[in-house]
file entry00.cif (mmCIF, C-alpha atoms and all ligand atoms)
data_protein
loop_
_atom_site.label_atom_id
_atom_site.label_comp_id
_atom_site.auth_asym_id
_atom_site.auth_seq_id
_atom_site.Cartn_x
_atom_site.Cartn_y
_atom_site.Cartn_z
CA MET A 8 25.32 -117.64 130.33
CA HIS A 9 24.58 -113.96 130.93
CA PRO A 10 23.39 -112.22 127.73
CA THR A 11 26.31 -109.76 127.77
CA ASP A 12 28.70 -112.74 127.56
CA LEU A 13 27.20 -114.23 124.38
CA PRO A 14 29.87 -114.68 121.72
CA ALA A 15 29.63 -112.15 118.90
CA GLN A 16 28.65 -113.69 115.58
CA PRO A 17 30.61 -112.24 112.68
CA GLY A 18 28.44 -109.95 110.57
CA VAL A 19 25.45 -110.27 112.90
CA VAL A 20 24.20 -107.54 115.19
CA ARG A 21 21.93 -108.94 117.91
CA PRO A 22 18.34 -107.67 117.54
CA GLY A 23 17.89 -104.69 119.80
CA ALA A 24 21.62 -104.00 120.04
CA ILE A 25 21.35 -100.73 118.17
CA GLY A 26 19.07 -98.28 119.85
CA HIS A 27 16.11 -100.56 120.63
CA SER A 28 15.86 -101.65 124.22
CA ARG A 29 13.31 -102.31 126.92
CA ALA A 30 15.58 -100.41 129.34
CA VAL A 31 14.05 -97.22 130.76
CA VAL A 32 15.46 -95.03 133.51
CA GLY A 33 13.01 -92.46 134.79
CA ARG A 34 12.94 -90.08 137.72
CA ASN A 35 11.49 -92.60 140.12
CA PHE A 36 11.66 -95.94 138.38
CA ALA A 37 14.06 -97.94 136.25
CA PHE A 38 13.32 -100.96 134.10
CA ILE A 39 16.56 -102.89 133.59
CA PRO A 40 16.75 -105.92 131.29
CA PRO A 41 19.86 -108.07 131.92
CA GLU A 42 21.52 -107.71 128.51
CA GLY A 43 22.75 -104.18 129.24
CA VAL A 44 24.01 -104.70 132.80
CA LEU A 45 27.78 -104.93 132.52
CA LYS A 46 29.94 -106.75 135.01
CA SER A 47 32.57 -105.69 137.49
CA ARG A 48 34.62 -107.28 140.26
CA LEU A 49 34.73 -106.49 143.96
CA PRO A 50 37.92 -106.44 146.07
CA ALA A 51 36.38 -108.52 148.86
CA TRP A 52 35.13 -111.29 146.52
CA SER A 53 37.27 -113.74 144.55
CA SER A 54 36.23 -115.52 141.32
CA THR A 55 33.03 -113.47 141.47
CA THR A 56 31.39 -111.07 139.05
CA VAL A 57 29.00 -108.38 140.26
CA ARG A 58 26.26 -106.66 138.28
CA PHE A 59 24.72 -103.67 140.09
CA LEU A 60 21.01 -103.26 139.47
CA ALA A 61 20.09 -100.50 141.93
CA ALA A 62 22.30 -98.03 143.76
CA PRO A 63 22.14 -94.55 145.27
CA THR A 64 23.40 -93.17 141.93
CA LEU A 65 20.09 -94.33 140.43
CA GLY A 66 18.09 -92.59 143.16
CA ALA A 67 17.55 -95.68 145.31
CA ASP A 68 18.03 -95.66 149.07
CA PHE A 69 19.53 -99.17 148.92
CA ALA A 70 21.77 -101.21 146.63
CA GLN A 71 20.83 -104.41 144.87
CA PHE A 72 23.20 -106.55 142.85
CA MET A 73 23.66 -109.95 141.27
CA LEU A 74 26.70 -111.96 142.32
CA GLU A 75 27.85 -114.57 139.81
CA ILE A 76 30.20 -116.84 141.76
CA GLU A 77 32.43 -119.40 140.08
CA PRO A 78 32.79 -122.86 141.66
CA SER A 79 34.72 -122.50 144.96
CA GLY A 80 34.74 -118.69 144.57
CA GLY A 81 33.21 -116.27 147.06
CA THR A 82 34.28 -113.83 149.73
CA ALA A 83 38.05 -113.40 149.81
CA ARG A 84 37.85 -112.57 153.53
CA PRO A 85 35.04 -112.14 156.08
CA ILE A 86 32.99 -109.08 155.16
CA CYS A 87 31.80 -106.88 158.01
CA VAL A 88 30.24 -103.53 157.23
CA ASP A 89 27.84 -101.22 158.98
CA LEU A 90 25.10 -102.19 156.53
CA GLN A 91 22.51 -104.94 156.45
CA HIS A 92 22.72 -107.62 153.77
CA PHE A 93 20.08 -109.93 152.33
CA PHE A 94 20.97 -112.80 149.98
CA TYR A 95 18.78 -115.06 147.84
CA VAL A 96 20.23 -117.95 145.84
CA VAL A 97 18.78 -117.80 142.32
CA THR A 98 20.76 -120.77 140.95
CA GLY A 99 23.47 -123.07 142.32
CA ALA A 100 24.48 -123.51 145.94
CA VAL A 101 26.69 -121.69 148.43
CA ASP A 102 27.96 -122.11 151.99
CA LEU A 103 27.25 -119.12 154.20
CA ASN A 104 28.81 -118.30 157.53
CA ILE A 105 27.25 -115.53 159.63
CA GLY A 106 29.28 -114.27 162.59
CA THR A 107 30.63 -117.20 164.55
CA ASP A 108 27.80 -119.57 163.55
CA ALA A 109 28.59 -122.82 161.74
CA PRO A 110 28.35 -122.64 157.92
CA THR A 111 24.96 -123.34 156.37
CA SER A 112 24.48 -124.68 152.88
CA LEU A 113 21.97 -122.72 150.83
CA THR A 114 20.64 -124.19 147.60
CA GLU A 115 18.36 -122.61 144.99
CA GLY A 116 15.69 -120.65 146.87
CA GLY A 117 17.90 -120.30 149.96
CA PHE A 118 18.07 -116.90 151.65
CA ALA A 119 19.80 -115.11 154.49
CA TYR A 120 19.63 -111.85 156.42
CA VAL A 121 22.89 -110.51 157.87
CA PRO A 122 22.42 -107.72 160.46
CA PRO A 123 24.51 -104.53 160.34
CA GLY A 124 28.00 -104.88 161.78
CA VAL A 125 27.94 -108.70 161.65
CA SER A 126 30.57 -110.48 159.54
CA PHE A 127 29.86 -113.14 156.94
CA THR A 128 31.63 -115.33 154.43
CA MET A 129 30.13 -117.01 151.36
CA SER A 130 31.62 -119.66 149.14
CA CYS A 131 30.17 -121.35 146.09
CA HIS A 132 29.96 -125.15 146.08
CA PRO A 133 32.71 -126.66 143.89
CA ALA A 134 30.41 -128.48 141.47
CA ALA A 135 28.71 -125.55 139.71
CA PRO A 136 28.57 -121.75 139.64
CA ALA A 137 25.96 -119.86 141.66
CA ARG A 138 23.92 -116.73 141.06
CA VAL A 139 22.98 -114.88 144.24
CA ILE A 140 20.91 -111.70 144.34
CA ALA A 141 21.92 -109.37 147.15
CA VAL A 142 20.51 -106.29 148.87
CA LYS A 143 22.63 -103.91 150.93
CA LYS A 144 20.93 -101.26 153.05
CA ARG A 145 21.88 -98.82 155.79
CA TYR A 146 20.01 -99.84 158.98
CA GLU A 147 17.54 -97.26 160.25
CA ALA A 148 17.62 -97.73 164.01
CA ALA A 149 14.40 -97.02 165.94
CA GLU A 150 14.46 -95.78 169.52
CA GLY A 151 13.98 -98.57 172.06
CA ILE A 152 14.08 -101.32 169.43
CA ALA A 153 17.02 -103.71 169.12
CA ALA A 154 18.53 -104.50 165.74
CA PRO A 155 17.38 -107.81 164.22
CA THR A 156 19.38 -111.02 164.49
CA ALA A 157 20.49 -113.18 161.57
CA ILE A 158 18.05 -115.33 159.60
CA ILE A 159 18.80 -118.25 157.27
CA GLY A 160 16.21 -120.29 155.41
CA GLN A 161 14.97 -121.91 152.24
CA HIS A 162 11.86 -120.50 150.59
CA GLN A 163 10.59 -124.05 150.01
CA ALA A 164 10.10 -124.36 153.78
CA MET A 165 8.23 -121.04 154.13
CA PRO A 166 4.42 -120.97 154.27
CA MET A 167 2.48 -119.50 151.37
CA THR A 168 0.04 -116.88 152.63
CA ASN A 169 -2.56 -114.65 151.02
CA HIS A 170 -3.90 -111.74 153.07
CA THR A 171 -5.71 -110.28 150.05
CA GLY A 172 -8.34 -112.97 149.74
CA LEU A 173 -7.96 -112.66 145.96
CA GLN A 174 -7.74 -116.05 144.28
CA GLY A 175 -4.59 -116.64 142.29
CA ARG A 176 -2.22 -114.65 144.52
CA GLY A 177 0.34 -115.90 147.02
CA PHE A 178 3.04 -114.43 149.28
CA LYS A 179 6.10 -115.82 151.00
CA HIS A 180 7.46 -113.34 153.52
CA LEU A 181 11.13 -114.26 153.83
CA LEU A 182 11.66 -111.78 156.68
CA PRO A 183 9.14 -111.49 159.53
CA ILE A 184 6.20 -109.24 158.68
CA GLY A 185 5.23 -106.60 161.25
CA ASP A 186 8.45 -107.13 163.25
CA LEU A 187 9.53 -103.54 163.94
CA ARG A 188 13.19 -104.52 164.32
CA PHE A 189 13.29 -104.90 160.53
CA ASP A 190 13.27 -101.83 158.28
CA PHE A 191 12.66 -103.80 155.09
CA GLU A 192 10.74 -106.79 153.79
CA MET A 193 11.78 -109.38 151.21
CA ASN A 194 8.77 -111.08 149.70
CA LEU A 195 8.23 -113.69 147.02
CA MET A 196 5.06 -112.75 145.15
CA PHE A 197 3.15 -115.43 143.22
CA PHE A 198 0.53 -114.64 140.56
CA GLN A 199 -1.62 -116.88 138.40
CA PRO A 200 -2.02 -115.58 134.83
CA GLY A 201 -4.38 -112.61 134.61
CA VAL A 202 -4.48 -111.90 138.39
CA CYS A 203 -3.34 -108.36 139.18
CA PHE A 204 -3.38 -106.06 142.26
CA PRO A 205 -6.81 -104.70 143.24
CA ALA A 206 -5.62 -101.15 142.37
CA VAL A 207 -2.65 -99.32 140.95
CA GLU A 208 -0.41 -98.87 144.01
CA THR A 209 1.15 -95.47 144.78
CA HIS A 210 3.03 -95.75 148.07
CA ILE A 211 5.99 -94.27 149.87
CA MET A 212 7.95 -97.54 149.97
CA GLU A 213 10.62 -98.27 147.39
CA HIS A 214 10.93 -101.61 145.62
CA GLY A 215 13.67 -103.65 144.01
CA LEU A 216 12.10 -106.41 141.91
CA LEU A 217 13.78 -109.40 140.28
CA MET A 218 11.60 -111.50 137.96
CA LEU A 219 12.14 -115.19 138.77
CA GLU A 220 9.45 -117.02 136.83
CA GLY A 221 6.79 -116.33 134.19
CA GLN A 222 6.14 -113.10 132.36
CA GLY A 223 3.75 -110.18 132.19
CA LEU A 224 3.25 -106.48 131.82
CA TYR A 225 4.44 -104.03 134.46
CA TYR A 226 2.87 -100.60 134.87
CA LEU A 227 5.37 -97.98 136.06
CA GLY A 228 4.58 -94.28 136.30
CA ASN A 229 2.21 -94.09 133.33
CA SER A 230 3.54 -96.71 130.92
CA TRP A 231 3.40 -100.50 130.52
CA HIS A 232 6.59 -102.58 130.19
CA GLU A 233 6.86 -106.18 129.05
CA ILE A 234 8.72 -108.17 131.71
CA TRP A 235 10.50 -111.55 131.56
CA VAL A 236 12.68 -113.68 133.82
CA ASP A 237 15.90 -111.93 134.93
CA ASP A 238 14.52 -108.41 134.33
CA PHE A 239 14.99 -106.01 137.24
CA ILE A 240 12.84 -103.01 138.25
CA TRP A 241 13.61 -100.26 140.71
CA MET A 242 10.45 -98.48 141.87
CA GLY A 243 11.11 -95.27 143.76
CA SER A 244 8.91 -93.73 146.39
CA PHE A 245 5.37 -93.02 145.12
CA CYS A 246 5.91 -94.65 141.73
CA PRO A 247 2.48 -95.79 140.46
CA GLN A 248 2.70 -99.56 139.90
CA GLN A 249 0.66 -102.54 138.75
CA PHE A 250 1.48 -106.05 137.47
CA TYR A 251 -0.54 -107.94 134.89
CA PRO A 252 0.78 -111.49 134.51
CA THR A 253 0.44 -113.04 131.08
CA GLY A 254 1.66 -116.40 129.76
CA ALA A 255 0.31 -119.82 130.55
CA SER A 256 1.88 -120.48 133.95
CA GLN A 257 2.43 -118.65 137.25
CA SER A 258 4.67 -115.60 137.57
CA VAL A 259 6.95 -115.11 140.57
CA TYR A 260 9.11 -112.21 141.62
CA LEU A 261 11.32 -111.34 144.57
CA LEU A 262 10.47 -107.93 146.01
CA TYR A 263 12.43 -105.63 148.32
CA LYS A 264 10.27 -103.11 150.24
CA ASN A 265 11.38 -100.64 152.95
CA VAL A 266 8.89 -100.55 155.83
CA ASN A 267 8.33 -99.83 159.53
CA ARG A 268 10.05 -96.45 159.81
CA ASP A 269 8.76 -92.88 160.16
CA VAL A 270 9.55 -90.04 157.77
CA THR A 271 12.35 -87.85 159.02
O1 LIG A 301 3.60 -105.09 148.66
C1 LIG A 301 3.69 -104.37 147.67
O2 LIG A 301 3.95 -103.16 147.78
C2 LIG A 301 3.50 -105.00 146.29
N1 LIG A 301 2.12 -105.33 146.09
N2 LIG A 301 4.00 -104.15 145.23
C3 LIG A 301 4.42 -104.67 144.05
O3 LIG A 301 4.40 -105.90 143.84
N3 LIG A 301 4.82 -103.79 143.13
MN MN A 302 4.16 -102.04 145.92
#

call {"tool": "encode", "arguments": {"input": "entry00.cif", "output": "structure tokens", "more": "lines below"}}
Ligand code: UGY
Ligand code: MN
result
Amino acid sequence: MHPTDLPAQPGVVRPGAIGHSRAVVGRNFAFIPPEGVLKSRLPAWSSTTVRFLAAPTLGADFAQFMLEIEPSGGTARPICVDLQHFFYVVTGAVDLNIGTDAPTSLTEGGFAYVPPGVSFTMSCHPAAPARVIAVKKRYEAAEGIAAPTAIIGQHQAMPMTNHTGLQGRGFKHLLPIGDLRFDFEMNLMFFQPGVCFPAVETHIMEHGLLMLEGQGLYYLGNSWHEIWVDDFIWMGSFCPQQFYPTGASQSVYLLYKNVNRDVT
């Protein structure tokens, strides 16, 4: 159950409800714990709740949102917009149809890329609800390069790589790395406790981060933030960033990153 849906207990105010929160919205980053992210509905989705986590109103150049789909709920009609979509199934299972392709069943850890201008439908399996994190981004075309085609997969089938050589780190690149057709990456980042980046990063790329497993401390701008599962971070361009995983087991997050395009 999402924290905002917890039943109120008479006479009890939940700790942190009055004025104490881990939420921070700065000029070029936002730390967003789930308990404050209120829900809405979308006309093109039935039996589905949406919680927006990043949007142009925040300063982001993309949108990221959590879809909470009831059993048998999903798109009310095929959705076709001039934007790219990326989906990752956090819990539950859905059937996804891209264009005229046959439907594919995606279970926990399943993901899909839908190119701009291509239609899709999604429906939750009847047995249980699903939570699907989504990214929506305007496609930045590059001269002489064709737009990407659709991708569907399960992260369990993707290879774990580590280009850093640092022990205790791992990467699963859900979209092809270095493929100039794509203007963003979606990466699963794995960290053993205590293993951080070699330096504080300060780069032009934006990030949308959803914490999937473990816990730690996140450095944003010039302050540290305690992070747990289901927390979301938007990192704007040139936001100084570092992750220090704590806890006894691995930490994993899903990371959006815009890449492969020049500055205009
Ligand atoms: O690839 C990245 O930019 C990544 N190391 N950043 C991050 O996890 N905040
Ligand atoms: Mn980074």

call {"tool": "residues_around", "arguments": {"input": "entry00.cif", "residues": "segment 215-222 of chain A", "least_positions_apart": "4", "cutoff": "9 Å", "atoms": "all atoms listed in the file", "output": "ChimeraX atom specification"}}
result
/A:60-61,67,69-71,97,140,142,200,233-243,251-264

call {"tool": "residues_near_ligand", "arguments": {"input": "entry00.cif", "ligand": "ligand LIG 301 (chain A)", "cutoff": "10 Å", "atoms": "all atoms listed in the file", "output": "PDB file with C-alpha atoms, in the frame of the given file"}}
result
ATOM      1  CA  PHE A 178       3.040-114.430 149.280  1.00  0.00           C
ATOM      2  CA  GLU A 192      10.740-106.790 153.790  1.00  0.00           C
ATOM      3  CA  MET A 193      11.780-109.380 151.210  1.00  0.00           C
ATOM      4  CA  ASN A 194       8.770-111.080 149.700  1.00  0.00           C
ATOM      5  CA  LEU A 195       8.230-113.690 147.020  1.00  0.00           C
ATOM      6  CA  MET A 196       5.060-112.750 145.150  1.00  0.00           C
ATOM      7  CA  PHE A 197       3.150-115.430 143.220  1.00  0.00           C
ATOM      8  CA  CYS A 203      -3.340-108.360 139.180  1.00  0.00           C
ATOM      9  CA  PHE A 204      -3.380-106.060 142.260  1.00  0.00           C
ATOM     10  CA  PRO A 205      -6.810-104.700 143.240  1.00  0.00           C
ATOM     11  CA  ALA A 206      -5.620-101.150 142.370  1.00  0.00           C
ATOM     12  CA  VAL A 207      -2.650 -99.320 140.950  1.00  0.00           C
ATOM     13  CA  GLU A 208      -0.410 -98.870 144.010  1.00  0.00           C
ATOM     14  CA  THR A 209       1.150 -95.470 144.780  1.00  0.00           C
ATOM     15  CA  HIS A 210       3.030 -95.750 148.070  1.00  0.00           C
ATOM     16  CA  ILE A 211       5.990 -94.270 149.870  1.00  0.00           C
ATOM     17  CA  MET A 212       7.950 -97.540 149.970  1.00  0.00           C
ATOM     18  CA  GLU A 213      10.620 -98.270 147.390  1.00  0.00           C
ATOM     19  CA  HIS A 214      10.930-101.610 145.620  1.00  0.00           C
ATOM     20  CA  GLY A 215      13.670-103.650 144.010  1.00  0.00           C
ATOM     21  CA  LEU A 216      12.100-106.410 141.910  1.00  0.00           C
ATOM     22  CA  TYR A 225       4.440-104.030 134.460  1.00  0.00           C
ATOM     23  CA  TYR A 226       2.870-100.600 134.870  1.00  0.00           C
ATOM     24  CA  LEU A 227       5.370 -97.980 136.060  1.00  0.00           C
ATOM     25  CA  ILE A 240      12.840-103.010 138.250  1.00  0.00           C
ATOM     26  CA  TRP A 241      13.610-100.260 140.710  1.00  0.00           C
ATOM     27  CA  MET A 242      10.450 -98.480 141.870  1.00  0.00           C
ATOM     28  CA  CYS A 246       5.910 -94.650 141.730  1.00  0.00           C
ATOM     29  CA  PRO A 247       2.480 -95.790 140.460  1.00  0.00           C
ATOM     30  CA  GLN A 248       2.700 -99.560 139.900  1.00  0.00           C
ATOM     31  CA  GLN A 249       0.660-102.540 138.750  1.00  0.00           C
ATOM     32  CA  PHE A 250       1.480-106.050 137.470  1.00  0.00           C
ATOM     33  CA  TYR A 260       9.110-112.210 141.620  1.00  0.00           C
ATOM     34  CA  LEU A 261      11.320-111.340 144.570  1.00  0.00           C
ATOM     35  CA  LEU A 262      10.470-107.930 146.010  1.00  0.00           C
ATOM     36  CA  TYR A 263      12.430-105.630 148.320  1.00  0.00           C
ATOM     37  CA  LYS A 264      10.270-103.110 150.240  1.00  0.00           C
ATOM     38  CA  ASN A 265      11.380-100.640 152.950  1.00  0.00           C
ATOM     39  CA  VAL A 266       8.890-100.550 155.830  1.00  0.00           C
TER      40      VAL A 266
END

call {"tool": "closest_residue", "arguments": {"input": "entry00.cif", "among": "A:Ala141, A:Ile159, A:Ala135, A:Val88", "to": "Gly117 of chain A", "atoms": "only C-alpha atoms"}}
result
A:Ile159

call {"tool": "residues_around", "arguments": {"input": "entry00.cif", "residues": "Leu173 of chain A", "least_positions_apart": "3", "cutoff": "9 Å", "atoms": "only C-alpha atoms", "output": "PyMOL selection string"}}
result
chain A and resi 169-170+176-177+202+204-205

call {"tool": "atom_distance", "arguments": {"input": "entry00.cif", "atom1": "atom CA of Gly33 of chain A", "atom2": "atom CA of Asp68 of chain A"}}
result
15.5 Å

call {"tool": "residues_around", "arguments": {"input": "entry00.cif", "residues": "segment 21-25 of chain A", "least_positions_apart": "3", "cutoff": "12 Å", "atoms": "all atoms listed in the file", "output": "PDB file with C-alpha atoms, keeping the file's coordinate frame"}}
result
ATOM      1  CA  PRO A  10      23.390-112.220 127.730  1.00  0.00           C
ATOM      2  CA  THR A  11      26.310-109.760 127.770  1.00  0.00           C
ATOM      3  CA  LEU A  13      27.200-114.230 124.380  1.00  0.00           C
ATOM      4  CA  PRO A  14      29.870-114.680 121.720  1.00  0.00           C
ATOM      5  CA  ALA A  15      29.630-112.150 118.900  1.00  0.00           C
ATOM      6  CA  GLN A  16      28.650-113.690 115.580  1.00  0.00           C
ATOM      7  CA  PRO A  17      30.610-112.240 112.680  1.00  0.00           C
ATOM      8  CA  GLY A  18      28.440-109.950 110.570  1.00  0.00           C
ATOM      9  CA  SER A  28      15.860-101.650 124.220  1.00  0.00           C
ATOM     10  CA  ARG A  29      13.310-102.310 126.920  1.00  0.00           C
ATOM     11  CA  ALA A  30      15.580-100.410 129.340  1.00  0.00           C
ATOM     12  CA  PRO A  40      16.750-105.920 131.290  1.00  0.00           C
ATOM     13  CA  GLU A  42      21.520-107.710 128.510  1.00  0.00           C
ATOM     14  CA  GLY A  43      22.750-104.180 129.240  1.00  0.00           C
TER      15      GLY A  43
END

call {"tool": "closest_residue", "arguments": {"input": "entry00.cif", "among": "A:Tyr95, A:Phe245, A:Arg188, A:Met129", "to": "ligand MN 302 (chain A)", "atoms": "only C-alpha atoms and all ligand atoms"}}
result
A:Phe245

call {"tool": "atom_distance", "arguments": {"input": "entry00.cif", "atom1": "atom CA of Ser79 of chain A", "atom2": "atom CA of Val57 of chain A"}}
result
15.9 Å

call {"tool": "residues_around", "arguments": {"input": "entry00.cif", "residues": "Ile105 of chain A", "least_positions_apart": "2", "cutoff": "7 Å", "atoms": "only C-alpha atoms", "output": "list in words"}}
result
Leu103, Thr107, Asp108, Val121, Ser126, Phe127 and Thr128 of chain A

call {"tool": "atom_distance", "arguments": {"input": "entry00.cif", "atom1": "atom CA of His132 of chain A", "atom2": "atom CA of Val101 of chain A"}}
result
5.3 Å

call {"tool": "decode", "arguments": {"input": "entry00.cif", "residues": "segment 207-228 of chain A", "atoms": "N, CA, C and O atoms", "output": "CSV table (one decimal), in the first residue's frame"}}
result
chain,number,residue,atom,x,y,z
A,207,VAL,N,33.0,12.7,-6.8
A,207,VAL,CA,31.7,13.4,-6.9
A,207,VAL,C,31.5,13.7,-8.3
A,207,VAL,O,32.4,14.4,-8.9
A,208,GLU,N,30.4,13.3,-8.9
A,208,GLU,CA,30.1,13.6,-10.4
A,208,GLU,C,29.5,15.0,-10.5
A,208,GLU,O,28.6,15.3,-9.7
A,209,THR,N,29.9,15.7,-11.5
A,209,THR,CA,29.2,17.0,-11.8
A,209,THR,C,29.2,17.1,-13.4
A,209,THR,O,30.1,17.5,-14.0
A,210,HIS,N,28.0,16.6,-13.9
A,210,HIS,CA,28.0,16.4,-15.4
A,210,HIS,C,26.7,17.1,-16.0
A,210,HIS,O,25.7,17.3,-15.2
A,211,ILE,N,26.8,17.3,-17.3
A,211,ILE,CA,25.6,18.0,-17.9
A,211,ILE,C,24.4,17.1,-17.9
A,211,ILE,O,23.2,17.7,-18.0
A,212,MET,N,24.5,15.8,-17.9
A,212,MET,CA,23.3,14.9,-18.0
A,212,MET,C,22.4,15.1,-16.8
A,212,MET,O,22.9,15.2,-15.7
A,213,GLU,N,21.1,15.0,-17.1
A,213,GLU,CA,20.1,14.9,-16.0
A,213,GLU,C,19.9,13.5,-15.5
A,213,GLU,O,20.2,12.5,-16.3
A,214,HIS,N,19.4,13.3,-14.3
A,214,HIS,CA,19.0,11.9,-13.9
A,214,HIS,C,17.6,11.9,-13.3
A,214,HIS,O,17.2,12.9,-12.6
A,215,GLY,N,17.0,10.8,-13.4
A,215,GLY,CA,15.8,10.4,-12.6
A,215,GLY,C,16.1,9.1,-12.0
A,215,GLY,O,16.5,8.2,-12.7
A,216,LEU,N,16.1,9.1,-10.7
A,216,LEU,CA,16.6,7.9,-9.9
A,216,LEU,C,15.4,7.3,-9.1
A,216,LEU,O,14.8,8.1,-8.3
A,217,LEU,N,15.2,6.0,-9.2
A,217,LEU,CA,14.2,5.4,-8.3
A,217,LEU,C,15.0,4.3,-7.5
A,217,LEU,O,15.6,3.4,-8.1
A,218,MET,N,14.9,4.4,-6.2
A,218,MET,CA,15.6,3.4,-5.4
A,218,MET,C,14.8,2.1,-5.3
A,218,MET,O,13.6,2.1,-5.0
A,219,LEU,N,15.4,1.0,-5.7
A,219,LEU,CA,14.7,-0.3,-5.8
A,219,LEU,C,15.1,-1.2,-4.7
A,219,LEU,O,14.3,-2.1,-4.3
A,220,GLU,N,16.3,-1.1,-4.1
A,220,GLU,CA,16.7,-2.1,-3.1
A,220,GLU,C,17.8,-1.4,-2.3
A,220,GLU,O,18.6,-0.6,-2.8
A,221,GLY,N,17.9,-1.8,-1.0
A,221,GLY,CA,18.9,-1.3,-0.1
A,221,GLY,C,18.7,0.1,0.4
A,221,GLY,O,17.6,0.6,0.4
A,222,GLN,N,19.7,0.7,0.8
A,222,GLN,CA,19.6,2.1,1.4
A,222,GLN,C,21.0,2.7,1.4
A,222,GLN,O,22.0,2.1,1.0
A,223,GLY,N,21.1,4.0,1.7
A,223,GLY,CA,22.3,4.7,1.7
A,223,GLY,C,22.2,6.2,1.9
A,223,GLY,O,21.1,6.7,2.4
A,224,LEU,N,23.3,6.9,1.6
A,224,LEU,CA,23.3,8.3,1.7
A,224,LEU,C,23.5,8.9,0.3
A,224,LEU,O,24.4,8.4,-0.4
A,225,TYR,N,22.7,9.9,-0.1
A,225,TYR,CA,22.9,10.5,-1.4
A,225,TYR,C,23.4,11.9,-1.3
A,225,TYR,O,22.8,12.7,-0.6
A,226,TYR,N,24.5,12.3,-2.0
A,226,TYR,CA,25.0,13.6,-1.9
A,226,TYR,C,24.4,14.4,-3.1
A,226,TYR,O,24.6,13.9,-4.3
A,227,LEU,N,23.8,15.5,-2.9
A,227,LEU,CA,23.1,16.3,-3.9
A,227,LEU,C,23.5,17.8,-3.7
A,227,LEU,O,23.2,18.3,-2.6
A,228,GLY,N,24.1,18.4,-4.7
A,228,GLY,CA,24.5,19.8,-4.5
A,228,GLY,C,25.6,19.9,-3.4
A,228,GLY,O,26.7,19.6,-3.7
